[in-house]
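One structure below.
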Amino acid sequence: MRFALLTTVVAIGALACGKKGDQNQTQTQSAPPAAAEAAAASTARVVEVKMAGNGSTRAAFEPSSITVPAGATVRFTNVSGGPHNITFWSDSIPSGGVAALNAGMKNTVDNLSGPFLTQPNETYEVSFASAPKGTYKGYCTPHLTLGMKIAIKVE
């Protein structure tokens, strides 16, 4: 994701600074294919998921089941009852998806496990940019026994 953002910024900077010399001179430039793809990826859909609970008897992802388009990012927000995180069961990930999902999860605390969100309104994003289609099942590590699970279907 950082590479895509960096490529987009460099491409836009090159376009903005591309004209030199006479102001009447016209130049036609287009972004390189990699930059165009990066720009498309950076505008992918973001789907919000709330992480809520009372800390002892109730905890849930809201919603607990979502469908997202390929390339989407899921933003998890700690609303109440934290700490919360998102961890994916490796055996639930579609074939070829583990590496893509690991690449889409920054600042992990373990394999396929995001950091703990301890403050209200703290967020964590998981990118499904290169993830194959299928259903990804996850849970909140501290609240698994309370049934805090989620299913994310990538179409």
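Convention: chains lettered A, B, ... in structure tokens order; per-chain residue numbering from 1; ligands numbered from 1 as shown.
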
Excluding A:Ser64 and its own-chain neighbours fewer than 5 positions away, which residues fall within 12 Å of it when counting only C-alpha atoms? Please give them as a CSV table (one decimal) with N, CA, C and O atoms, in the first residue's frame.
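out30.csv, written as the output of this step:
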chain,number,residue,atom,x,y,z
A,48,GLU,N,-16.2,0.0,6.7
A,48,GLU,CA,-16.1,0.2,8.1
A,48,GLU,C,-16.7,-1.0,8.9
A,48,GLU,O,-17.8,-1.4,8.6
A,49,VAL,N,-15.9,-1.4,9.9
A,49,VAL,CA,-16.4,-2.4,10.9
A,49,VAL,C,-16.1,-1.9,12.3
A,49,VAL,O,-15.0,-1.5,12.6
A,50,LYS,N,-17.2,-1.9,13.1
A,50,LYS,CA,-17.0,-1.4,14.5
A,50,LYS,C,-16.7,-2.6,15.4
A,50,LYS,O,-17.2,-3.7,15.2
A,51,MET,N,-15.9,-2.3,16.4
A,51,MET,CA,-15.5,-3.3,17.4
A,51,MET,C,-16.1,-2.8,18.7
A,51,MET,O,-15.7,-1.8,19.2
A,52,ALA,N,-17.1,-3.6,19.3
A,52,ALA,CA,-17.8,-3.1,20.4
A,52,ALA,C,-18.0,-4.1,21.5
A,52,ALA,O,-17.9,-5.3,21.2
A,59,ALA,N,-19.2,-8.8,23.3
A,59,ALA,CA,-18.2,-8.2,22.4
A,59,ALA,C,-18.6,-8.7,21.0
A,59,ALA,O,-19.0,-9.8,20.8
A,76,PHE,N,-11.2,-1.3,10.8
A,76,PHE,CA,-11.7,-1.8,12.1
A,76,PHE,C,-11.6,-0.6,13.1
A,76,PHE,O,-10.5,0.0,13.2
A,136,TYR,N,-12.8,-14.9,4.3
A,136,TYR,CA,-11.8,-14.8,5.3
A,136,TYR,C,-12.4,-14.8,6.7
A,136,TYR,O,-13.2,-13.8,6.9
A,137,LYS,N,-12.2,-15.7,7.5
A,137,LYS,CA,-12.8,-15.7,8.9
A,137,LYS,C,-11.8,-15.3,9.9
A,137,LYS,O,-10.6,-15.7,9.9
A,138,GLY,N,-12.3,-14.4,10.8
A,138,GLY,CA,-11.4,-13.8,11.8
A,138,GLY,C,-12.1,-13.7,13.1
A,138,GLY,O,-13.3,-14.0,13.3
A,139,TYR,N,-11.3,-13.2,14.1
A,139,TYR,CA,-11.8,-13.1,15.5
A,139,TYR,C,-11.0,-12.1,16.2
A,139,TYR,O,-9.9,-11.7,15.8
A,140,CYS,N,-11.5,-11.6,17.3
A,140,CYS,CA,-10.8,-10.7,18.3
A,140,CYS,C,-10.2,-11.6,19.3
A,140,CYS,O,-10.9,-12.4,20.0
A,147,GLY,N,-17.4,-14.9,21.7
A,147,GLY,CA,-18.0,-15.1,20.3
A,147,GLY,C,-17.7,-13.9,19.4
A,147,GLY,O,-18.4,-13.8,18.4
A,148,MET,N,-16.7,-13.1,19.6
A,148,MET,CA,-16.4,-12.0,18.7
A,148,MET,C,-15.7,-12.5,17.5
A,148,MET,O,-14.4,-12.6,17.4
A,149,LYS,N,-16.5,-12.8,16.4
A,149,LYS,CA,-16.0,-13.4,15.2
A,149,LYS,C,-16.5,-12.6,14.0
A,149,LYS,O,-17.5,-11.9,14.1
A,150,ILE,N,-15.8,-12.7,12.9
A,150,ILE,CA,-16.2,-12.0,11.7
A,150,ILE,C,-15.9,-12.8,10.4
A,150,ILE,O,-15.0,-13.6,10.4
A,151,ALA,N,-16.8,-12.7,9.4
A,151,ALA,CA,-16.5,-13.3,8.1
A,151,ALA,C,-16.5,-12.2,7.1
A,151,ALA,O,-17.5,-11.4,7.0
A,152,ILE,N,-15.4,-12.2,6.3
A,152,ILE,CA,-15.3,-11.2,5.3
A,152,ILE,C,-15.2,-11.9,3.9
A,152,ILE,O,-14.3,-12.7,3.7
A,153,LYS,N,-16.2,-11.7,3.1
A,153,LYS,CA,-16.3,-12.3,1.8
A,153,LYS,C,-15.7,-11.3,0.8
A,153,LYS,O,-16.3,-10.2,0.6

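Closest to A:Gln119 among A:Ala72, A:Val47, A:Val79, A:Val98 is A:Val79, based on only C-alpha atoms.
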
Neighbouring residues of A:Ser56 were defined as those with any atom within 12 Å, considering only C-alpha atoms; residues of the same chain fewer than 3 positions away were excluded. Please report them as a CSV table (one decimal) with N, CA, C and O atoms, in the first residue's frame.
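That gives us out-v7.csv:
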chain,number,residue,atom,x,y,z
A,52,ALA,N,-17.1,-3.6,19.3
A,52,ALA,CA,-17.8,-3.1,20.4
A,52,ALA,C,-18.0,-4.1,21.5
A,52,ALA,O,-17.9,-5.3,21.2
A,53,GLY,N,-18.2,-3.7,22.7
A,53,GLY,CA,-18.5,-4.6,23.8
A,53,GLY,C,-18.5,-3.9,25.1
A,53,GLY,O,-18.3,-2.7,25.2
A,59,ALA,N,-19.2,-8.8,23.3
A,59,ALA,CA,-18.2,-8.2,22.4
A,59,ALA,C,-18.6,-8.7,21.0
A,59,ALA,O,-19.0,-9.8,20.8
A,60,ALA,N,-18.5,-7.8,20.0
A,60,ALA,CA,-18.9,-8.1,18.7
A,60,ALA,C,-18.2,-7.2,17.7
A,60,ALA,O,-17.9,-6.1,17.9
A,80,SER,N,-15.9,0.5,21.7
A,80,SER,CA,-16.1,0.3,23.2
A,80,SER,C,-15.6,-1.1,23.6
A,80,SER,O,-15.5,-2.0,22.8
A,81,GLY,N,-15.3,-1.3,24.9
A,81,GLY,CA,-15.0,-2.6,25.4
A,81,GLY,C,-13.7,-3.2,25.0
A,81,GLY,O,-13.5,-4.4,25.1
A,82,GLY,N,-12.7,-2.4,24.6
A,82,GLY,CA,-11.4,-2.9,24.1
A,82,GLY,C,-10.6,-3.4,25.3
A,82,GLY,O,-11.0,-3.4,26.5
A,83,PRO,N,-9.4,-3.9,25.0
A,83,PRO,CA,-8.7,-3.9,23.8
A,83,PRO,C,-9.3,-4.9,22.8
A,83,PRO,O,-9.9,-6.0,23.2
A,142,PRO,N,-8.7,-11.2,22.4
A,142,PRO,CA,-9.2,-11.2,23.8
A,142,PRO,C,-10.6,-11.6,24.0
A,142,PRO,O,-11.0,-11.9,25.1
A,143,HIS,N,-11.4,-11.5,22.9
A,143,HIS,CA,-12.9,-11.7,23.1
A,143,HIS,C,-13.4,-12.9,22.3
A,143,HIS,O,-14.6,-13.0,22.0
A,144,LEU,N,-12.5,-13.8,21.9
A,144,LEU,CA,-13.0,-15.0,21.2
A,144,LEU,C,-14.0,-15.8,22.0
A,144,LEU,O,-15.0,-16.3,21.5
A,145,THR,N,-13.7,-16.0,23.3
A,145,THR,CA,-14.6,-16.8,24.1
A,145,THR,C,-16.0,-16.1,24.3
A,145,THR,O,-16.9,-16.8,24.6
A,146,LEU,N,-16.1,-14.8,24.0
A,146,LEU,CA,-17.4,-14.1,24.0
A,146,LEU,C,-18.0,-14.2,22.6
A,146,LEU,O,-19.1,-13.6,22.4
A,147,GLY,N,-17.4,-14.9,21.7
A,147,GLY,CA,-18.0,-15.1,20.3
A,147,GLY,C,-17.7,-13.9,19.4
A,147,GLY,O,-18.4,-13.8,18.4
A,148,MET,N,-16.7,-13.1,19.6
A,148,MET,CA,-16.4,-12.0,18.7
A,148,MET,C,-15.7,-12.5,17.5
A,148,MET,O,-14.4,-12.6,17.4

task: Rank nothing, just name the residue among A:Ala99, A:Ile86, A:Ala131, A:Ala70 nearest to A:Pro115, using only C-alpha atoms.
output: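 That would be A:Ile86, the residue with the smallest distance to A:Pro115.
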
task: Please provide as a ChimeraX atom specification all residues within 8 Å of A:Gly134, with the sequence filter that same-chain residues fewer than 5 positions apart are discarded (counting only C-alpha atoms).
output: /A:93-94,153-155

Just write the chosen residues, all heavy atoms, as a PDB file, in the first residue's frame.
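Okay, this is what ended up in part24.pdb:
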ATOM      1  N   ILE A  93      -8.469 -19.100   5.122  1.00  0.00           N
ATOM      2  CA  ILE A  93      -8.081 -18.202   4.039  1.00  0.00           C
ATOM      3  C   ILE A  93      -8.033 -18.970   2.720  1.00  0.00           C
ATOM      4  O   ILE A  93      -7.458 -20.062   2.660  1.00  0.00           O
ATOM      5  CB  ILE A  93      -6.723 -17.545   4.353  1.00  0.00           C
ATOM      6  CG1 ILE A  93      -6.878 -16.682   5.606  1.00  0.00           C
ATOM      7  CG2 ILE A  93      -6.207 -16.734   3.183  1.00  0.00           C
ATOM      8  CD1 ILE A  93      -5.594 -16.109   6.128  1.00  0.00           C
ATOM      9  N   PRO A  94      -8.628 -18.409   1.665  1.00  0.00           N
ATOM     10  CA  PRO A  94      -8.600 -19.085   0.369  1.00  0.00           C
ATOM     11  C   PRO A  94      -7.173 -19.380  -0.089  1.00  0.00           C
ATOM     12  O   PRO A  94      -6.227 -18.688   0.292  1.00  0.00           O
ATOM     13  CB  PRO A  94      -9.274 -18.080  -0.575  1.00  0.00           C
ATOM     14  CG  PRO A  94     -10.132 -17.250   0.322  1.00  0.00           C
ATOM     15  CD  PRO A  94      -9.381 -17.159   1.616  1.00  0.00           C
ATOM     16  N   LYS A 153     -16.206 -11.671   3.108  1.00  0.00           N
ATOM     17  CA  LYS A 153     -16.253 -12.309   1.800  1.00  0.00           C
ATOM     18  C   LYS A 153     -15.726 -11.312   0.761  1.00  0.00           C
ATOM     19  O   LYS A 153     -16.260 -10.219   0.613  1.00  0.00           O
ATOM     20  CB  LYS A 153     -17.674 -12.734   1.448  1.00  0.00           C
ATOM     21  CG  LYS A 153     -17.773 -13.462   0.139  1.00  0.00           C
ATOM     22  CD  LYS A 153     -19.193 -13.941  -0.139  1.00  0.00           C
ATOM     23  CE  LYS A 153     -19.254 -14.678  -1.449  1.00  0.00           C
ATOM     24  NZ  LYS A 153     -20.633 -15.091  -1.738  1.00  0.00           N
ATOM     25  N   VAL A 154     -14.681 -11.706   0.051  1.00  0.00           N
ATOM     26  CA  VAL A 154     -14.099 -10.887  -1.008  1.00  0.00           C
ATOM     27  C   VAL A 154     -14.637 -11.403  -2.328  1.00  0.00           C
ATOM     28  O   VAL A 154     -14.499 -12.574  -2.654  1.00  0.00           O
ATOM     29  CB  VAL A 154     -12.548 -10.943  -0.979  1.00  0.00           C
ATOM     30  CG1 VAL A 154     -11.966 -10.147  -2.136  1.00  0.00           C
ATOM     31  CG2 VAL A 154     -12.026 -10.445   0.359  1.00  0.00           C
ATOM     32  N   GLU A 155     -15.301 -10.518  -3.087  1.00  0.00           N
ATOM     33  CA  GLU A 155     -15.874 -10.898  -4.383  1.00  0.00           C
ATOM     34  C   GLU A 155     -15.035 -10.431  -5.537  1.00  0.00           C
ATOM     35  O   GLU A 155     -14.407  -9.411  -5.474  1.00  0.00           O
ATOM     36  CB  GLU A 155     -17.292 -10.351  -4.531  1.00  0.00           C
ATOM     37  CG  GLU A 155     -18.261 -10.987  -3.582  1.00  0.00           C
ATOM     38  CD  GLU A 155     -19.688 -10.570  -3.860  1.00  0.00           C
ATOM     39  OE1 GLU A 155     -19.939  -9.464  -4.369  1.00  0.00           O
ATOM     40  OE2 GLU A 155     -20.562 -11.379  -3.553  1.00  0.00           O
TER      41      GLU A 155
END

query: Mind pulling up the distance from atom CA of A:Ser65 to atom CA of A:Met105?
result: 19.1 Å
